[in-house]
Structure formats: structure tokens, C-alpha cells
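Next comes final_13.cif, a file with mmCIF, C-alpha atoms.
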data_start
loop_
_atom_site.label_atom_id
_atom_site.label_comp_id
_atom_site.auth_asym_id
_atom_site.auth_seq_id
_atom_site.Cartn_x
_atom_site.Cartn_y
_atom_site.Cartn_z
CA MET A 1 -8.27 -8.76 18.90
CA SER A 2 -9.08 -5.73 21.04
CA ALA A 3 -6.48 -3.15 21.95
CA ALA A 4 -5.29 -2.91 25.54
CA ALA A 5 -7.00 -0.16 27.53
CA GLY A 6 -5.70 3.28 26.64
CA LEU A 7 -3.65 2.14 23.64
CA ARG A 8 -4.22 3.18 20.04
CA ARG A 9 -4.61 0.20 17.75
CA ILE A 10 -2.83 1.01 14.50
CA TRP A 11 -2.35 -0.81 11.23
CA LEU A 12 1.24 -1.46 10.15
CA CYS A 13 0.93 -2.56 6.53
CA ALA A 14 3.75 -4.03 4.45
CA ASP A 15 3.16 -3.25 0.78
CA ASP A 16 4.27 -5.24 -2.26
CA TYR A 17 3.81 -8.89 -1.30
CA GLY A 18 4.34 -10.63 -4.64
CA ILE A 19 6.97 -8.31 -6.09
CA SER A 20 9.83 -10.76 -5.36
CA PRO A 21 10.60 -13.88 -3.31
CA GLY A 22 12.88 -11.89 -1.01
CA VAL A 23 10.21 -9.34 -0.21
CA ASN A 24 7.72 -12.14 0.42
CA ARG A 25 10.08 -13.88 2.86
CA ALA A 26 10.77 -10.67 4.77
CA ILE A 27 7.07 -9.89 5.13
CA ARG A 28 6.25 -13.40 6.35
CA ASP A 29 9.12 -13.21 8.83
CA LEU A 30 7.74 -10.01 10.35
CA ILE A 31 4.21 -11.42 10.51
CA GLU A 32 5.55 -14.45 12.39
CA ARG A 33 7.30 -12.12 14.84
CA GLY A 34 4.09 -10.18 15.41
CA ARG A 35 5.59 -7.00 13.93
CA LEU A 36 3.01 -6.52 11.15
CA ASN A 37 -0.76 -6.78 11.20
CA ALA A 38 -1.47 -6.12 7.51
CA THR A 39 0.07 -6.78 4.11
CA SER A 40 -1.17 -6.07 0.62
CA VAL A 41 -0.63 -8.38 -2.34
CA MET A 42 0.30 -7.51 -5.94
CA MET A 43 -1.65 -9.92 -8.11
CA VAL A 44 0.38 -8.82 -11.17
CA GLY A 45 3.74 -9.36 -9.44
CA PRO A 46 6.19 -12.05 -10.57
CA ALA A 47 6.34 -13.80 -7.16
CA ILE A 48 2.70 -14.72 -6.74
CA ALA A 49 2.85 -18.45 -7.37
CA ARG A 50 0.50 -20.81 -5.53
CA SER A 51 3.27 -21.69 -3.06
CA GLU A 52 3.76 -18.02 -2.14
CA ILE A 53 0.02 -17.56 -1.59
CA GLU A 54 -0.20 -20.66 0.58
CA ALA A 55 2.83 -19.61 2.61
CA LEU A 56 1.26 -16.22 3.29
CA GLN A 57 -2.09 -17.73 4.25
CA ALA A 58 -0.41 -20.14 6.65
CA THR A 59 1.63 -17.34 8.23
CA ALA A 60 -1.00 -14.59 8.34
CA SER A 61 -4.06 -16.38 9.70
CA PRO A 62 -5.40 -15.11 12.04
CA ARG A 63 -2.83 -12.51 13.05
CA CYS A 64 -2.63 -10.38 9.91
CA ALA A 65 -5.10 -8.78 7.47
CA ILE A 66 -4.45 -9.47 3.78
CA GLY A 67 -5.37 -6.88 1.19
CA LEU A 68 -5.08 -6.29 -2.53
CA HIS A 69 -2.30 -3.95 -3.66
CA VAL A 70 -3.89 -2.67 -6.87
CA THR A 71 -1.09 -2.13 -9.40
CA LEU A 72 -1.61 0.21 -12.34
CA SER A 73 1.88 1.56 -13.06
CA ALA A 74 5.05 0.38 -14.82
CA PRO A 75 6.99 -1.89 -14.98
CA PHE A 76 3.98 -4.16 -14.50
CA ARG A 77 1.41 -5.32 -17.06
CA PRO A 78 -2.40 -5.32 -16.94
CA LEU A 79 -4.57 -8.39 -16.61
CA THR A 80 -7.24 -7.01 -18.94
CA MET A 81 -6.62 -7.38 -22.66
CA HIS A 82 -7.80 -3.97 -23.85
CA PHE A 83 -6.46 -1.78 -21.02
CA ARG A 84 -5.35 1.73 -22.00
CA PRO A 85 -3.22 3.83 -21.80
CA LEU A 86 -0.06 1.74 -22.04
CA ASP A 87 3.63 2.33 -22.67
CA GLY A 88 4.39 -0.59 -24.98
CA ASP A 89 2.77 -3.54 -23.23
CA MET A 90 3.20 -2.12 -19.72
CA PHE A 91 1.24 0.31 -17.58
CA MET A 92 2.38 3.92 -17.80
CA PRO A 93 5.00 5.13 -15.28
CA PHE A 94 3.18 6.69 -12.35
CA PRO A 95 4.26 10.32 -13.00
CA LYS A 96 2.75 10.13 -16.49
CA LEU A 97 -0.35 8.46 -15.12
CA LEU A 98 -0.83 11.19 -12.51
CA ARG A 99 -0.33 13.91 -15.10
CA ALA A 100 -2.85 12.31 -17.48
CA GLY A 101 -5.39 12.09 -14.66
CA VAL A 102 -4.92 15.73 -13.67
CA LEU A 103 -5.43 16.71 -17.33
CA ARG A 104 -8.60 14.52 -17.48
CA ARG A 105 -7.21 12.32 -20.25
CA LEU A 106 -8.09 8.95 -18.71
CA ASP A 107 -11.13 6.71 -19.03
CA ARG A 108 -12.41 5.41 -15.69
CA GLU A 109 -13.84 2.30 -17.35
CA PHE A 110 -10.38 0.97 -18.25
CA PHE A 111 -9.35 1.33 -14.60
CA ARG A 112 -12.64 -0.04 -13.27
CA ASN A 113 -12.24 -3.18 -15.41
CA GLU A 114 -8.58 -3.67 -14.49
CA VAL A 115 -9.23 -3.28 -10.76
CA LYS A 116 -12.15 -5.72 -11.04
CA ALA A 117 -9.80 -8.20 -12.77
CA GLN A 118 -7.21 -7.85 -10.00
CA LEU A 119 -9.94 -8.29 -7.36
CA ALA A 120 -11.11 -11.44 -9.16
CA ALA A 121 -7.54 -12.77 -9.30
CA PHE A 122 -7.19 -12.18 -5.56
CA ALA A 123 -10.48 -13.95 -4.83
CA GLU A 124 -9.46 -16.93 -6.95
CA ALA A 125 -6.05 -17.16 -5.27
CA PHE A 126 -7.19 -16.68 -1.66
CA GLY A 127 -10.70 -18.07 -1.84
CA ARG A 128 -12.24 -14.83 -0.56
CA ALA A 129 -12.33 -11.09 -1.07
CA PRO A 130 -9.49 -8.95 0.36
CA ASP A 131 -9.81 -7.42 3.82
CA PHE A 132 -8.82 -4.05 2.36
CA VAL A 133 -7.69 -2.55 -0.95
CA ASP A 134 -4.87 -0.07 -1.49
CA GLY A 135 -2.67 0.95 -4.43
CA HIS A 136 0.93 0.60 -5.56
CA GLN A 137 2.55 4.06 -5.70
CA HIS A 138 -0.74 5.49 -4.38
CA VAL A 139 -2.42 5.15 -7.79
CA GLN A 140 -5.84 4.73 -6.15
CA LEU A 141 -5.69 8.42 -5.20
CA PHE A 142 -5.02 9.78 -8.70
CA PRO A 143 -7.70 11.86 -10.43
CA GLN A 144 -9.98 9.75 -12.66
CA VAL A 145 -8.16 6.57 -11.58
CA ARG A 146 -9.87 6.87 -8.20
CA ASP A 147 -13.29 6.86 -9.87
CA GLY A 148 -12.70 3.51 -11.57
CA PHE A 149 -11.01 2.16 -8.42
CA VAL A 150 -13.91 3.07 -6.12
CA ASP A 151 -16.48 1.75 -8.61
CA ALA A 152 -14.67 -1.59 -8.85
CA VAL A 153 -14.18 -2.05 -5.10
CA GLY A 154 -17.78 -1.07 -4.42
CA GLU A 155 -18.92 -3.78 -6.84
CA GLY A 156 -16.34 -6.50 -6.17
CA ALA A 157 -15.42 -6.10 -2.48
CA PRO A 158 -18.00 -3.84 -0.82
CA ASN A 159 -17.06 -4.99 2.68
CA ALA A 160 -13.37 -4.15 2.25
CA TRP A 161 -12.01 -0.84 3.47
CA VAL A 162 -9.81 1.25 1.20
CA ARG A 163 -6.60 3.12 1.97
CA GLN A 164 -6.43 6.87 1.91
CA GLY A 165 -3.10 8.68 2.31
CA GLY A 166 -4.03 11.85 4.19
CA ARG A 167 -2.64 12.79 7.60
CA ASP A 168 -4.63 13.99 10.60
CA LEU A 169 -2.01 16.52 11.73
CA PRO A 170 -1.71 20.29 12.26
CA LEU A 171 -0.73 22.22 9.12
CA ARG A 172 2.71 23.10 10.50
CA GLN A 173 3.62 19.42 10.82
CA ARG A 174 2.16 18.55 7.42
CA LEU A 175 4.20 21.23 5.63
CA ALA A 176 7.44 19.53 6.72
CA SER A 177 7.03 16.80 4.07
CA PRO A 178 6.22 17.94 0.50
CA LYS A 179 5.66 14.35 -0.67
CA ALA A 180 3.16 13.72 2.09
CA MET A 181 1.46 17.05 1.34
CA VAL A 182 0.72 15.84 -2.18
CA LEU A 183 -0.87 12.72 -0.70
CA ASP A 184 -2.91 14.92 1.65
CA VAL A 185 -4.37 16.86 -1.28
CA LEU A 186 -5.11 13.77 -3.39
CA SER A 187 -6.60 11.96 -0.40
CA ALA A 188 -9.13 14.68 0.39
CA GLN A 189 -10.81 13.99 -2.96
CA PHE A 190 -10.43 10.23 -2.53
CA ARG A 191 -12.10 10.24 0.89
CA ARG A 192 -15.11 12.09 -0.50
CA ARG A 193 -15.38 9.66 -3.40
CA ALA A 194 -15.03 6.57 -1.18
CA GLY A 195 -17.44 7.93 1.41
CA SER A 196 -20.09 8.60 -1.21
CA ALA A 197 -19.78 4.97 -2.30
CA GLY A 198 -20.21 3.71 1.25
CA LEU A 199 -16.63 2.40 1.58
CA GLY A 200 -14.76 2.62 4.85
CA PHE A 201 -11.20 3.96 5.03
CA ASN A 202 -8.40 4.49 7.53
CA PRO A 203 -8.76 7.72 9.56
CA GLY A 204 -5.06 8.60 9.40
CA PHE A 205 -1.98 7.69 7.40
CA ALA A 206 1.81 7.80 7.74
CA GLY A 207 4.84 6.17 6.18
CA ALA A 208 5.76 8.41 3.25
CA TYR A 209 9.40 9.54 3.11
CA ASP A 210 12.23 10.00 0.62
CA PHE A 211 13.18 6.41 -0.15
CA THR A 212 16.24 7.55 -2.16
CA ARG A 213 18.04 8.80 0.96
CA ALA A 214 19.59 6.71 3.72
CA ALA A 215 17.25 7.68 6.55
CA ASP A 216 17.08 6.58 10.18
CA PHE A 217 13.98 4.43 9.97
CA GLY A 218 13.62 4.26 13.74
CA ALA A 219 13.47 8.06 13.95
CA LEU A 220 11.03 8.13 11.05
CA MET A 221 8.79 5.56 12.71
CA ARG A 222 8.66 7.70 15.85
CA GLN A 223 7.49 10.62 13.68
CA PHE A 224 4.95 8.42 11.92
CA LEU A 225 3.35 7.41 15.22
CA GLU A 226 3.06 10.98 16.52
CA GLY A 227 -0.55 12.08 16.25
CA LEU A 228 -1.66 8.96 14.38
CA PRO A 229 -5.25 8.28 15.49
CA ASP A 230 -6.71 5.00 16.62
CA GLY A 231 -7.23 2.93 13.47
CA GLY A 232 -4.59 4.92 11.57
CA LEU A 233 -2.23 3.17 9.17
CA VAL A 234 1.53 3.22 8.70
CA MET A 235 2.76 1.94 5.34
CA CYS A 236 6.11 0.16 5.16
CA HIS A 237 8.18 -1.73 2.57
CA PRO A 238 10.34 -4.39 4.26
CA GLY A 239 12.17 -6.89 2.10
CA PHE A 240 15.28 -8.91 1.38
CA VAL A 241 16.99 -7.82 -1.83
CA ASP A 242 17.15 -10.37 -4.64
CA ASP A 243 17.69 -10.23 -8.40
CA VAL A 244 13.96 -10.11 -9.11
CA LEU A 245 13.48 -7.03 -6.92
CA ALA A 246 16.58 -5.29 -8.28
CA GLY A 247 15.25 -5.72 -11.81
CA LEU A 248 11.87 -4.19 -11.01
CA ASP A 249 12.11 -1.54 -8.34
CA PRO A 250 14.59 1.13 -7.20
CA MET A 251 13.65 0.45 -3.56
CA THR A 252 16.23 -2.15 -2.57
CA ASP A 253 18.55 -1.54 0.40
CA VAL A 254 15.94 0.63 2.10
CA ARG A 255 13.72 -2.44 2.34
CA GLU A 256 16.39 -4.34 4.25
CA ARG A 257 16.85 -1.39 6.63
CA GLU A 258 13.12 -1.33 7.29
CA HIS A 259 13.06 -5.08 7.93
CA ALA A 260 16.02 -4.89 10.31
CA TYR A 261 14.38 -2.17 12.38
CA LEU A 262 10.96 -3.79 12.53
CA ALA A 263 12.48 -7.17 13.47
CA GLY A 264 14.65 -5.66 16.22
CA ASP A 265 14.03 -4.89 19.88
CA ALA A 266 13.69 -1.12 19.46
CA PHE A 267 10.39 -1.28 17.59
CA PRO A 268 8.21 -2.90 20.31
CA ARG A 269 9.71 -0.43 22.81
CA LEU A 270 8.73 2.44 20.54
CA LEU A 271 5.17 1.12 20.25
CA ALA A 272 4.89 0.93 24.03
CA ASP A 273 6.41 4.39 24.52
CA SER A 274 4.02 5.82 21.90
CA GLY A 275 0.92 4.26 23.41
CA ALA A 276 0.29 2.20 20.29
CA THR A 277 -0.35 -1.48 19.64
CA LEU A 278 -0.71 -3.82 16.68
CA GLY A 279 -2.83 -6.18 18.78
#
Please express the file's structure as C-alpha cells.
Amino acid sequence: MSAAAGLRRIWLCADDYGISPGVNRAIRDLIERGRLNATSVMMVGPAIARSEIEALQATASPRCAIGLHVTLSAPFRPLTMHFRPLDGDMFMPFPKLLRAGVLRRLDREFFRNEVKAQLAAFAEAFGRAPDFVDGHQHVQLFPQVRDGFVDAVGEGAPNAWVRQGGRDLPLRQRLASPKAMVLDVLSAQFRRRAGSAGLGFNPGFAGAYDFTRAADFGALMRQFLEGLPDGGLVMCHPGFVDDVLAGLDPMTDVREREHAYLAGDAFPRLLADSGATLG
């Protein structure tokens, strides 16, 4: 679909399809309402049964892009038998993974092989390559991890675009969010690596905030849309809380708040007021 004249067409991407049945239902609900135009799927998640895949395909086509949400951090487990490093039989927690990458203690081949395995699992489940590839907890941006990630996507899904997490904003605005500043720094290196491999990526990014605090998601979304260029991406995490989610992820109630806002009447008004469209 083409954007209406004068409007920025943005991507609003719901992460974590496959982490739990409640998250899956919430994402499909928003796709049906026309409030999302992208979602990324965790092929190592516990809620990725054939029925969940078929339900997403039936809901998404043709209104929503489906990507692979590469997952390389705890509490999830790798698909490849010899993947390292691990904590027990699980991936490392993402702070330890980031630290190991910064210290150059990782082997890109382990990550290349695991990302290739997750791409293959996606292709088997959906019958095609993903439209785009991103990463759970932004792992695709981490030093050394990004090398294996880009290698694997370039080989296994060369026509997919990849997600970078840098903002196209003045420095003063970027300094207001330390978490997003970290993503800016990591993304500068990622963009160079992806560009050298001939992979496309989103020109702008928004959606990072402190998930541990009860924030006004409507006010945050207004901030996210400010200065976001045409083709820019906003990440979100809508969901309905269930026991599976509560056992895996600290993001629980915040997902329901995001869903409630995106499903409500205020969101389409904000898009119109901001000169943005998902169409």
C-alpha cells in the first residue's frame, strides 16, 4: 500500500510473537484492527505451535509484515546443538552477552549458525523467508554478535531488511534517554556492518523506554513519532498477561497497557495529528 500524500509511512512492529498465547492473541487483535503493520516471531518461544503460526498467517496477510525475532538471550534455549556460550542449557542473560561482546570474548560462528537455524525454522514454519529480521533485547546490535547475525541474514534471507535501533534526532533530544543513547551507539556500528553486506535497514527507530515504570504510553507514543522519518520504525510489546508470560519475562502489565492504548480511539487520532500512517 502507498501512503497518503504528505504522510510519513512508519512501521509499528510488535515484538515477541511466540513468547506466550496471551501475547499472540493481543498481537493478532491489533493486526485485525489495523493498528500494527509488522510483527516479529520468536522461533524459540514456547507458543509457536502450528496453530499459532496459521492463526498469524490468516490474520496478517496482506496487511502486516512478518519478521524473525532472533533470540539469543536467556531464558530461552538455542536450536543448534553446540552453541556457546551458555548458562546451563540456556543462552546467557543479555547483560552478560553484551559485556562478553564488548570484551571480544565471543565467536561469531556460533551466532551465525544459530541465526541460520532460526531463519531455517522460520522458513519451514511460514513457507518463506521473513520480511525483516530483528533481535530480542536488541542482541543483533551487540559487538561480535552483529557479525554472525549479518553473515547469517545475508546468506539465508538476503532480501529481508534488518532492524537498527538508532534515532535520527538532534543530540539534545537523544540525550534525554540514556537507554536509547546506548542503542544509538550500538546501531552506528550495526548500520555500517549491514550496509557493507548489502542489507537494507530502517532509517529511524523509536520505542525504547523504561519498562519497569508505569508510564503514560500515549504520551510516549507522541514522543516516539516526533522526528521519526518516513520508513522509520516504532517497536512495541502489546500482550495479554498469562502464566506462560509471567514465567518468562518481567514485562507483564506494561504489555496490557500498550495493547489498551493501541486498540483505543486515541491512537489513530495521534497518527493523524502527527502526519503518520501505517497504510
Apply the PyMOL selection byres ((chain A and resi 221) around 12) to the file shown and report the selected residues as a PDB file with C-alpha atoms, keeping the file's coordinate frame.
ATOM      1  CA  LEU A  12       1.240  -1.460  10.150  1.00  0.00           C
ATOM      2  CA  ALA A 206       1.810   7.800   7.740  1.00  0.00           C
ATOM      3  CA  GLY A 207       4.840   6.170   6.180  1.00  0.00           C
ATOM      4  CA  ALA A 208       5.760   8.410   3.250  1.00  0.00           C
ATOM      5  CA  TYR A 209       9.400   9.540   3.110  1.00  0.00           C
ATOM      6  CA  ALA A 215      17.250   7.680   6.550  1.00  0.00           C
ATOM      7  CA  ASP A 216      17.080   6.580  10.180  1.00  0.00           C
ATOM      8  CA  PHE A 217      13.980   4.430   9.970  1.00  0.00           C
ATOM      9  CA  GLY A 218      13.620   4.260  13.740  1.00  0.00           C
ATOM     10  CA  ALA A 219      13.470   8.060  13.950  1.00  0.00           C
ATOM     11  CA  LEU A 220      11.030   8.130  11.050  1.00  0.00           C
ATOM     12  CA  ARG A 222       8.660   7.700  15.850  1.00  0.00           C
ATOM     13  CA  GLN A 223       7.490  10.620  13.680  1.00  0.00           C
ATOM     14  CA  PHE A 224       4.950   8.420  11.920  1.00  0.00           C
ATOM     15  CA  LEU A 225       3.350   7.410  15.220  1.00  0.00           C
ATOM     16  CA  GLU A 226       3.060  10.980  16.520  1.00  0.00           C
ATOM     17  CA  GLY A 227      -0.550  12.080  16.250  1.00  0.00           C
ATOM     18  CA  LEU A 228      -1.660   8.960  14.380  1.00  0.00           C
ATOM     19  CA  LEU A 233      -2.230   3.170   9.170  1.00  0.00           C
ATOM     20  CA  VAL A 234       1.530   3.220   8.700  1.00  0.00           C
ATOM     21  CA  MET A 235       2.760   1.940   5.340  1.00  0.00           C
ATOM     22  CA  CYS A 236       6.110   0.160   5.160  1.00  0.00           C
ATOM     23  CA  GLU A 258      13.120  -1.330   7.290  1.00  0.00           C
ATOM     24  CA  TYR A 261      14.380  -2.170  12.380  1.00  0.00           C
ATOM     25  CA  LEU A 262      10.960  -3.790  12.530  1.00  0.00           C
ATOM     26  CA  ALA A 266      13.690  -1.120  19.460  1.00  0.00           C
ATOM     27  CA  PHE A 267      10.390  -1.280  17.590  1.00  0.00           C
ATOM     28  CA  PRO A 268       8.210  -2.900  20.310  1.00  0.00           C
ATOM     29  CA  ARG A 269       9.710  -0.430  22.810  1.00  0.00           C
ATOM     30  CA  LEU A 270       8.730   2.440  20.540  1.00  0.00           C
ATOM     31  CA  LEU A 271       5.170   1.120  20.250  1.00  0.00           C
ATOM     32  CA  SER A 274       4.020   5.820  21.900  1.00  0.00           C
ATOM     33  CA  ALA A 276       0.290   2.200  20.290  1.00  0.00           C
TER      34      ALA A 276
END
Given the file shown, determine the residues that the PyMOL selection byres ((chain A and resi 243) around 12) selects; report them as a ChimeraX atom specification. /A:19-23,46-47,240-242,244-250,252
If the PyMOL selection byres ((chain A and resi 230) around 10) is run on the structure shown, which residues does it catch, given as a PyMOL selection string?
-> chain A and resi 3+7-11+202-204+227-229+231-233+276-277
How close does each residue of region 176-216 of chain A get to region 87-99 of chain A, giving the shortest atom pair and distance in Å to one decimal for every residue with an atom at most 12 Å away, counting all atoms listed in the file, sorted by chain and residue number, as a tab-separated table?
residue	atom	partner	partner_atom	distance
A:Val182	CA	A:Leu98	CA	11.4
A:Leu183	CA	A:Leu98	CA	11.9
A:Leu186	CA	A:Leu98	CA	10.4
In the coordinates of the file, take the point (-7.9, -2.3, -23.2) and a cut-off of 10 Å; then, counting all atoms listed in the file, name each qualifying protein, DNA or RNA residue as a compact mmCIF listing (two decimals) with C-alpha atoms, in the coordinates of the input.
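Everything below was put into out_38.txt:
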# COMPACT_ATOMS: atom_id res chain seq x y z
CA PRO A 78 -2.40 -5.32 -16.94
CA LEU A 79 -4.57 -8.39 -16.61
CA THR A 80 -7.24 -7.01 -18.94
CA MET A 81 -6.62 -7.38 -22.66
CA HIS A 82 -7.80 -3.97 -23.85
CA PHE A 83 -6.46 -1.78 -21.02
CA ARG A 84 -5.35 1.73 -22.00
CA PRO A 85 -3.22 3.83 -21.80
CA LEU A 86 -0.06 1.74 -22.04
CA GLU A 109 -13.84 2.30 -17.35
CA PHE A 110 -10.38 0.97 -18.25
CA PHE A 111 -9.35 1.33 -14.60
CA ASN A 113 -12.24 -3.18 -15.41
CA GLU A 114 -8.58 -3.67 -14.49
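Closest approach to Glu52 (chain A) from the set A:Arg257, A:Arg25, A:His237, A:Arg35 is made by A:Arg25, with distances taken over all atoms listed in the file.
Shortest separation to Asp16 (chain A) among A:Ser51, A:Thr59, A:Thr71, A:Gln164 occurs at residue A:Thr71, atoms counted being only C-alpha atoms.
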The distance between CA of Ala74 (chain A) and CA of Gly239 (chain A) is 19.7 Å
query: Which residues, written as number ranges by chain, have at least one atom at most 8 Å from Val153 (chain A), with all atoms listed in the file counted and residues fewer than 2 positions away on the same chain left out?
result: A: 115-116, 119, 133, 149-151, 155-158, 160
Create the file for the chosen residues now, containing C-alpha atoms and written as a PDB file, in the coordinates of the input.
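The result, written out as selection.pdb:
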ATOM      1  CA  VAL A 115      -9.230  -3.280 -10.760  1.00  0.00           C
ATOM      2  CA  LYS A 116     -12.150  -5.720 -11.040  1.00  0.00           C
ATOM      3  CA  LEU A 119      -9.940  -8.290  -7.360  1.00  0.00           C
ATOM      4  CA  VAL A 133      -7.690  -2.550  -0.950  1.00  0.00           C
ATOM      5  CA  PHE A 149     -11.010   2.160  -8.420  1.00  0.00           C
ATOM      6  CA  VAL A 150     -13.910   3.070  -6.120  1.00  0.00           C
ATOM      7  CA  ASP A 151     -16.480   1.750  -8.610  1.00  0.00           C
ATOM      8  CA  GLU A 155     -18.920  -3.780  -6.840  1.00  0.00           C
ATOM      9  CA  GLY A 156     -16.340  -6.500  -6.170  1.00  0.00           C
ATOM     10  CA  ALA A 157     -15.420  -6.100  -2.480  1.00  0.00           C
ATOM     11  CA  PRO A 158     -18.000  -3.840  -0.820  1.00  0.00           C
ATOM     12  CA  ALA A 160     -13.370  -4.150   2.250  1.00  0.00           C
TER      13      ALA A 160
END
| task | Compile the contact shell of Gly198 (chain A) as JSON, numbers by chain: residues with an atom at most 10 Å away, counting only C-alpha atoms, same-chain residues fewer than 5 positions apart removed. | result | {"A": [150, 154, 158, 159, 161, 192, 193]}
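Straight-line separation from CA of Gly148 (chain A) to CA of Arg191 (chain A): 14.2 Å.
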